[in-house]
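Below is run10.cif, which holds mmCIF, C-alpha atoms.
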data_protein
#
loop_
_atom_site.label_atom_id
_atom_site.label_comp_id
_atom_site.auth_asym_id
_atom_site.auth_seq_id
_atom_site.Cartn_x
_atom_site.Cartn_y
_atom_site.Cartn_z
CA SER C 36 -162.27 144.66 44.04
CA GLN C 37 -161.89 144.95 47.77
CA GLN C 38 -164.88 143.97 49.79
CA GLY C 39 -165.82 145.46 53.10
CA GLU C 40 -166.73 143.48 56.14
CA GLU C 41 -170.11 143.52 57.76
CA ASP C 42 -171.15 142.15 61.07
CA PRO C 43 -173.06 140.37 62.14
CA GLN C 44 -173.47 138.13 59.11
CA ALA C 45 -176.91 137.20 60.39
CA LEU C 46 -179.18 138.82 62.94
CA SER C 47 -182.41 137.43 64.31
CA ILE C 48 -184.66 139.64 66.46
CA GLN C 49 -188.26 140.06 67.58
CA GLU C 50 -190.57 142.71 66.18
CA GLY C 51 -190.22 145.97 68.06
CA GLU C 52 -186.55 145.46 68.87
CA ASN C 53 -183.76 147.53 67.36
CA ALA C 54 -181.33 146.07 64.85
CA THR C 55 -177.77 147.29 64.50
CA MET C 56 -175.48 146.34 61.65
CA ASN C 57 -171.86 147.35 61.28
CA CYS C 58 -169.71 147.81 58.23
CA SER C 59 -166.01 148.38 57.72
CA TYR C 60 -164.33 149.40 54.51
CA LYS C 61 -160.79 149.66 53.23
CA THR C 62 -160.57 152.49 50.73
CA SER C 63 -160.99 156.25 50.89
CA ILE C 64 -164.57 157.19 50.21
CA ASN C 65 -166.79 160.02 49.06
CA ASN C 66 -169.81 158.48 50.71
CA LEU C 67 -171.14 155.34 52.35
CA GLN C 68 -174.47 153.93 51.27
CA TRP C 69 -176.80 151.32 52.67
CA TYR C 70 -179.01 149.11 50.56
CA ARG C 71 -181.65 146.52 51.25
CA GLN C 72 -182.28 143.40 49.19
CA ASN C 73 -185.20 141.07 49.54
CA SER C 74 -184.48 137.49 48.59
CA GLY C 75 -183.74 137.15 44.89
CA ARG C 76 -184.63 140.74 44.11
CA GLY C 77 -182.87 143.96 43.18
CA LEU C 78 -181.43 146.49 45.58
CA VAL C 79 -183.33 149.28 47.25
CA HIS C 80 -181.36 152.37 48.28
CA LEU C 81 -181.91 153.23 51.93
CA ILE C 82 -179.61 156.07 52.87
CA LEU C 83 -176.39 157.82 51.87
CA ILE C 84 -173.98 159.50 54.24
CA ARG C 85 -171.18 161.65 52.90
CA SER C 86 -167.61 161.43 54.11
CA ASN C 87 -167.88 164.77 55.90
CA GLU C 88 -170.98 163.70 57.82
CA ARG C 89 -171.02 161.73 61.06
CA GLU C 90 -174.66 160.82 61.50
CA LYS C 91 -177.80 160.81 59.43
CA HIS C 92 -181.42 159.90 60.06
CA SER C 93 -184.20 158.81 57.76
CA GLY C 94 -187.43 157.61 59.35
CA ARG C 95 -186.57 154.57 61.48
CA LEU C 96 -183.04 154.45 60.11
CA ARG C 97 -179.97 155.97 61.72
CA VAL C 98 -176.58 155.77 60.09
CA THR C 99 -173.24 156.73 61.58
CA LEU C 100 -169.92 157.09 59.86
CA ASP C 101 -166.46 157.13 61.41
CA THR C 102 -163.92 157.79 58.68
CA SER C 103 -160.99 157.52 61.09
CA LYS C 104 -161.97 153.91 61.78
CA LYS C 105 -163.32 153.34 58.26
CA SER C 106 -166.56 152.06 59.71
CA SER C 107 -170.28 152.72 59.58
CA SER C 108 -173.33 151.42 61.38
CA LEU C 109 -176.98 151.15 60.44
CA LEU C 110 -179.60 151.15 63.18
CA ILE C 111 -183.18 150.18 62.42
CA THR C 112 -185.45 151.11 65.31
CA ALA C 113 -188.72 149.43 66.22
CA SER C 114 -188.19 146.69 63.67
CA ARG C 115 -191.06 145.08 61.78
CA ALA C 116 -191.41 141.67 60.17
CA ALA C 117 -191.37 143.48 56.81
CA ASP C 118 -187.80 144.62 57.55
CA THR C 119 -186.64 141.03 57.04
CA ALA C 120 -184.07 141.23 54.22
CA SER C 121 -180.36 141.38 53.50
CA TYR C 122 -178.68 144.70 54.17
CA PHE C 123 -175.53 145.81 52.40
CA CYS C 124 -173.23 148.73 52.92
CA ALA C 125 -171.45 150.12 49.89
CA ALA C 126 -168.44 152.40 49.91
CA GLY C 127 -168.72 155.09 47.26
CA GLY C 128 -165.38 155.91 45.67
CA THR C 129 -164.27 158.71 43.43
CA SER C 130 -164.04 156.78 40.18
CA TYR C 131 -167.36 157.35 38.37
CA GLY C 132 -169.11 156.80 41.67
CA LYS C 133 -168.02 153.16 41.82
CA LEU C 134 -169.47 151.23 44.77
CA THR C 135 -167.70 148.51 46.71
CA PHE C 136 -170.18 146.36 48.59
CA GLY C 137 -169.81 144.75 51.97
CA GLN C 138 -170.65 141.11 52.58
CA GLY C 139 -174.08 141.90 53.91
CA THR C 140 -176.13 141.15 57.00
CA ILE C 141 -179.15 138.88 56.81
CA LEU C 142 -181.79 140.32 59.13
CA THR C 143 -184.74 138.23 60.25
CA VAL C 144 -187.46 139.92 62.26
CA HIS C 145 -189.87 137.51 63.92
CA PRO C 146 -193.47 138.66 64.37
CA GLY D 1215 -188.37 158.05 41.14
CA ALA D 1216 -185.76 156.82 38.70
CA VAL D 1217 -186.49 153.40 37.26
CA VAL D 1218 -184.08 150.91 35.79
CA SER D 1219 -185.33 147.81 34.04
CA GLN D 1220 -183.59 144.61 33.06
CA HIS D 1221 -184.59 142.09 30.47
CA PRO D 1222 -184.96 139.22 30.70
CA SER D 1223 -185.67 138.70 34.38
CA TRP D 1224 -184.53 135.12 34.12
CA VAL D 1225 -183.04 132.95 31.42
CA ILE D 1226 -182.11 129.30 31.08
CA CYS D 1227 -179.70 128.36 28.33
CA LYS D 1228 -177.56 125.48 27.17
CA SER D 1229 -173.84 125.43 27.73
CA GLY D 1230 -171.98 127.05 24.84
CA THR D 1231 -174.66 129.51 23.87
CA SER D 1232 -174.51 133.28 24.30
CA VAL D 1233 -176.96 135.27 26.37
CA LYS D 1234 -177.69 139.00 26.13
CA ILE D 1235 -179.04 140.95 29.07
CA GLU D 1236 -180.41 144.45 28.61
CA CYS D 1237 -180.36 147.25 31.15
CA ARG D 1238 -182.46 150.34 30.51
CA SER D 1239 -182.89 153.59 32.39
CA LEU D 1240 -186.53 154.44 31.78
CA ASP D 1241 -186.84 158.02 32.89
CA PHE D 1242 -183.36 159.49 33.00
CA GLN D 1243 -180.18 159.54 31.00
CA ALA D 1244 -177.49 157.29 32.42
CA THR D 1245 -174.01 158.60 31.84
CA THR D 1246 -172.57 155.55 33.52
CA MET D 1247 -173.88 152.04 33.96
CA PHE D 1248 -172.47 149.32 36.16
CA TRP D 1249 -172.76 145.56 35.93
CA TYR D 1250 -172.61 143.37 39.02
CA ARG D 1251 -172.69 139.67 39.65
CA GLN D 1252 -174.09 138.05 42.77
CA PHE D 1253 -173.78 134.41 43.79
CA PRO D 1254 -176.31 132.91 46.22
CA LYS D 1255 -176.05 134.31 49.71
CA GLN D 1256 -173.11 136.47 48.71
CA SER D 1257 -172.51 140.14 48.05
CA LEU D 1258 -172.47 142.03 44.79
CA MET D 1259 -169.22 141.97 42.88
CA LEU D 1260 -168.65 144.76 40.39
CA MET D 1261 -167.82 143.34 36.99
CA ALA D 1262 -167.45 146.44 34.86
CA THR D 1263 -168.22 150.12 34.49
CA SER D 1264 -169.45 151.44 31.19
CA ASN D 1265 -169.76 154.98 29.96
CA GLU D 1266 -171.90 155.88 26.99
CA GLY D 1267 -169.97 155.75 23.77
CA SER D 1268 -166.75 154.36 25.20
CA LYS D 1269 -165.29 150.99 26.05
CA ALA D 1270 -166.18 149.42 29.36
CA THR D 1271 -163.69 149.28 32.20
CA TYR D 1272 -163.49 145.77 33.61
CA GLU D 1273 -162.60 144.83 37.15
CA GLN D 1274 -159.60 142.65 37.78
CA GLY D 1275 -160.32 139.03 37.06
CA VAL D 1276 -163.30 139.67 34.79
CA GLU D 1277 -162.74 138.45 31.24
CA LYS D 1278 -163.74 141.17 28.80
CA ASP D 1279 -164.03 138.70 25.92
CA LYS D 1280 -166.34 136.55 27.99
CA PHE D 1281 -168.57 139.35 29.24
CA LEU D 1282 -169.15 141.80 26.41
CA ILE D 1283 -170.58 145.13 27.45
CA ASN D 1284 -172.05 147.69 25.11
CA HIS D 1285 -173.35 151.09 26.20
CA ALA D 1286 -174.60 152.42 22.91
CA SER D 1287 -176.97 155.07 24.22
CA LEU D 1288 -177.67 157.04 27.36
CA THR D 1289 -180.53 154.73 28.26
CA LEU D 1290 -179.32 151.29 27.27
CA SER D 1291 -176.45 149.01 28.18
CA THR D 1292 -176.16 145.35 27.30
CA LEU D 1293 -174.16 142.53 28.83
CA THR D 1294 -173.54 139.50 26.64
CA VAL D 1295 -172.29 136.34 28.30
CA THR D 1296 -170.51 134.54 25.48
CA SER D 1297 -170.18 130.76 25.29
CA ALA D 1298 -171.88 130.41 28.63
CA HIS D 1299 -170.90 127.61 30.98
CA PRO D 1300 -172.59 126.33 34.15
CA GLU D 1301 -170.17 128.33 36.32
CA ASP D 1302 -171.57 131.51 34.73
CA SER D 1303 -174.90 130.78 36.38
CA SER D 1304 -175.54 133.70 38.67
CA PHE D 1305 -177.69 136.74 39.39
CA TYR D 1306 -176.63 139.68 37.24
CA ILE D 1307 -177.63 143.16 38.35
CA CYS D 1308 -177.11 146.43 36.56
CA SER D 1309 -177.24 149.94 37.90
CA ALA D 1310 -177.41 153.29 36.19
CA SER D 1311 -176.06 156.63 37.30
CA PRO D 1312 -177.13 160.05 36.04
CA GLY D 1313 -173.53 161.12 36.41
CA ASP D 1314 -173.51 162.74 39.81
CA ARG D 1315 -170.99 160.22 41.17
CA GLU D 1316 -173.21 159.45 44.14
CA THR D 1317 -176.38 157.93 42.83
CA GLN D 1318 -176.91 154.50 41.38
CA TYR D 1319 -180.33 153.16 40.56
CA PHE D 1320 -180.43 149.38 40.47
CA GLY D 1321 -182.31 147.13 38.12
CA PRO D 1322 -184.29 144.15 39.41
CA GLY D 1323 -181.65 141.67 38.28
CA THR D 1324 -181.48 138.81 35.79
CA ARG D 1325 -181.11 135.25 36.96
CA LEU D 1326 -179.07 133.15 34.54
CA LEU D 1327 -178.99 129.37 34.68
CA VAL D 1328 -176.67 127.59 32.29
CA LEU D 1329 -177.34 123.88 31.89
#
Take the structure in the file and give it back as structure tokens.
Amino acid sequence: SQQGEEDPQALSIQEGENATMNCSYKTSINNLQWYRQNSGRGLVHLILIRSNEREKHSGRLRVTLDTSKKSSSLLITASRAADTASYFCAAGGTSYGKLTFGQGTILTVHP
Amino acid sequence: GAVVSQHPSWVICKSGTSVKIECRSLDFQATTMFWYRQFPKQSLMLMATSNEGSKATYEQGVEKDKFLINHASLTLSTLTVTSAHPEDSSFYICSASPGDRETQYFGPGTRLLVL
């Protein structure tokens, strides 16, 4: 399956700073989702943005979607040490809701 | 919230043996279940999509005779790694969808080590 690209691959910031991660995808989508994964654990769903939406907020999270550029960004504001994890975007297709995951960004937030 | 469990959470086996991993949706009926594989520090790769009562659809490059998937009920799917080899060692994650084509609830994953 095609994999999207995420950048940066790794991001290291101080607590309180904002973290921005970008994702690009290749296929047509119904939605774009962001997930979080702590080391060696399962995935936690963060937010879903539909293809007809441009921006969505949830708490400290802000997601944008540009379907013309096939790209999305995730902004985490006022980061905390507990936000340290890997973050993945996933492009939601039309076939049974199949997800194609990006390569992920490893975020480290230093206290 | 919707909960998906996997069993076992980790397994160590000898080369040549078969290993079965269970994925259960605990509080909803899963029309579709997905199986993913994740190597260390890498992303999730979709292996197959299974719908209750029908044969699984495998992604290109995934051997269906090697990775047997059964989705016998709306709450249970199993992945059997047959004749496991060390290169099959990986983190296997399932997800379950109630059929709305948007939502997937992920299990906690199963770590397989083949010696």
Chain C residues near chain D (8 Å cut-off, all atoms listed in the file) as a ChimeraX atom specification: /C:36,66,76-80,123,127,129-139
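What the PyMOL selection byres ((chain D and resi 1298) around 8) grabs from this file is Lys1228, Ser1229, Gly1230, Thr1231, Ser1232, Val1233, Val1295, Thr1296, Ser1297, His1299, Pro1300, Asp1302 and Val1328 of chain D.
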Write a file of the just-selected residues containing C-alpha atoms, as a compact mmCIF listing (two decimals), keeping the file's coordinate frame.
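Output contents, as saved in selection.txt:
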# COMPACT_ATOMS: atom_id res chain seq x y z
CA LYS D 1228 -177.56 125.48 27.17
CA SER D 1229 -173.84 125.43 27.73
CA GLY D 1230 -171.98 127.05 24.84
CA THR D 1231 -174.66 129.51 23.87
CA SER D 1232 -174.51 133.28 24.30
CA VAL D 1233 -176.96 135.27 26.37
CA VAL D 1295 -172.29 136.34 28.30
CA THR D 1296 -170.51 134.54 25.48
CA SER D 1297 -170.18 130.76 25.29
CA HIS D 1299 -170.90 127.61 30.98
CA PRO D 1300 -172.59 126.33 34.15
CA ASP D 1302 -171.57 131.51 34.73
CA VAL D 1328 -176.67 127.59 32.29
Tell me, as a PyMOL selection string, which residues lie within 9 Å of Thr102 in chain C, counting only C-alpha atoms; anything in the same chain fewer than 4 positions away does not count. chain C and resi 63-64+86-87+89+106-107
Selection in question (the file shown): the PyMOL selection byres ((chain D and resi 1286) around 12). Which residues does it include, as number ranges by chain? D: 1236-1238, 1244-1247, 1264-1270, 1283-1285, 1287-1293
One decimal place gives the CA of Ile82 in chain C-CA of Val98 in chain C separation as 7.8 Å
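One distance worth recording is that between CA of Ser108 in chain C and CA of Thr55 in chain C, which is 6.8 Å.
With all atoms listed in the file as the atoms that count, the residue of C:Cys124, C:Ala116, C:Leu142, C:Cys58 with the shortest distance to Asp101 in chain C is C:Cys58.
Taking CA of Ile48 in chain C and CA of Val144 in chain C as endpoints, the distance between them is 5.1 Å.
Look at everything within 12 Å of (-171.8, 138.4, 63.1) using only C-alpha atoms, and the residues you get are Glu40, Glu41, Asp42, Pro43, Gln44, Ala45, Leu46, Ser47, Thr55, Met56, Asn57, Cys58, Gln138, Gly139, Thr140, Ile141 and Leu142 of chain C.
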When you get a chance, write out N, CA, C and O atoms for range 39-55 of chain C, as a CSV table (one decimal), keeping the file's coordinate frame.
chain,number,residue,atom,x,y,z
C,39,GLY,N,-165.8,145.1,51.7
C,39,GLY,CA,-165.8,145.5,53.1
C,39,GLY,C,-166.4,144.3,53.9
C,39,GLY,O,-166.8,143.3,53.4
C,40,GLU,N,-166.2,144.5,55.2
C,40,GLU,CA,-166.7,143.5,56.1
C,40,GLU,C,-168.0,144.0,56.8
C,40,GLU,O,-168.1,145.2,57.1
C,41,GLU,N,-168.9,143.1,57.0
C,41,GLU,CA,-170.1,143.5,57.8
C,41,GLU,C,-170.3,142.5,58.9
C,41,GLU,O,-170.0,141.3,58.7
C,42,ASP,N,-170.8,143.1,60.0
C,42,ASP,CA,-171.2,142.2,61.1
C,42,ASP,C,-172.4,142.7,61.8
C,42,ASP,O,-172.6,143.9,61.8
C,43,PRO,N,-173.2,141.8,62.3
C,43,PRO,CA,-173.1,140.4,62.1
C,43,PRO,C,-173.4,139.9,60.7
C,43,PRO,O,-174.0,140.6,60.0
C,44,GLN,N,-173.1,138.7,60.4
C,44,GLN,CA,-173.5,138.1,59.1
C,44,GLN,C,-175.0,137.8,59.1
C,44,GLN,O,-175.6,137.9,58.1
C,45,ALA,N,-175.5,137.5,60.3
C,45,ALA,CA,-176.9,137.2,60.4
C,45,ALA,C,-177.4,137.7,61.7
C,45,ALA,O,-176.7,137.6,62.7
C,46,LEU,N,-178.6,138.2,61.7
C,46,LEU,CA,-179.2,138.8,62.9
C,46,LEU,C,-180.6,138.4,63.0
C,46,LEU,O,-181.4,138.7,62.0
C,47,SER,N,-181.0,137.9,64.1
C,47,SER,CA,-182.4,137.4,64.3
C,47,SER,C,-183.0,138.1,65.5
C,47,SER,O,-182.4,138.0,66.6
C,48,ILE,N,-184.1,138.9,65.4
C,48,ILE,CA,-184.7,139.6,66.5
C,48,ILE,C,-186.2,139.5,66.4
C,48,ILE,O,-186.8,139.0,65.5
C,49,GLN,N,-186.8,140.0,67.5
C,49,GLN,CA,-188.3,140.1,67.6
C,49,GLN,C,-188.7,141.4,67.1
C,49,GLN,O,-188.0,142.4,67.2
C,50,GLU,N,-189.9,141.4,66.6
C,50,GLU,CA,-190.6,142.7,66.2
C,50,GLU,C,-190.5,143.7,67.3
C,50,GLU,O,-190.8,143.3,68.5
C,51,GLY,N,-190.3,144.9,67.0
C,51,GLY,CA,-190.2,146.0,68.1
C,51,GLY,C,-188.8,146.2,68.6
C,51,GLY,O,-188.5,147.3,69.1
C,52,GLU,N,-187.9,145.3,68.4
C,52,GLU,CA,-186.6,145.5,68.9
C,52,GLU,C,-185.8,146.3,67.8
C,52,GLU,O,-186.2,146.4,66.7
C,53,ASN,N,-184.6,146.8,68.3
C,53,ASN,CA,-183.8,147.5,67.4
C,53,ASN,C,-182.7,146.6,66.7
C,53,ASN,O,-182.3,145.6,67.4
C,54,ALA,N,-182.4,146.9,65.5
C,54,ALA,CA,-181.3,146.1,64.8
C,54,ALA,C,-180.2,147.0,64.5
C,54,ALA,O,-180.4,148.0,63.9
C,55,THR,N,-179.0,146.5,64.8
C,55,THR,CA,-177.8,147.3,64.5
C,55,THR,C,-176.8,146.4,63.7
C,55,THR,O,-176.5,145.3,64.0
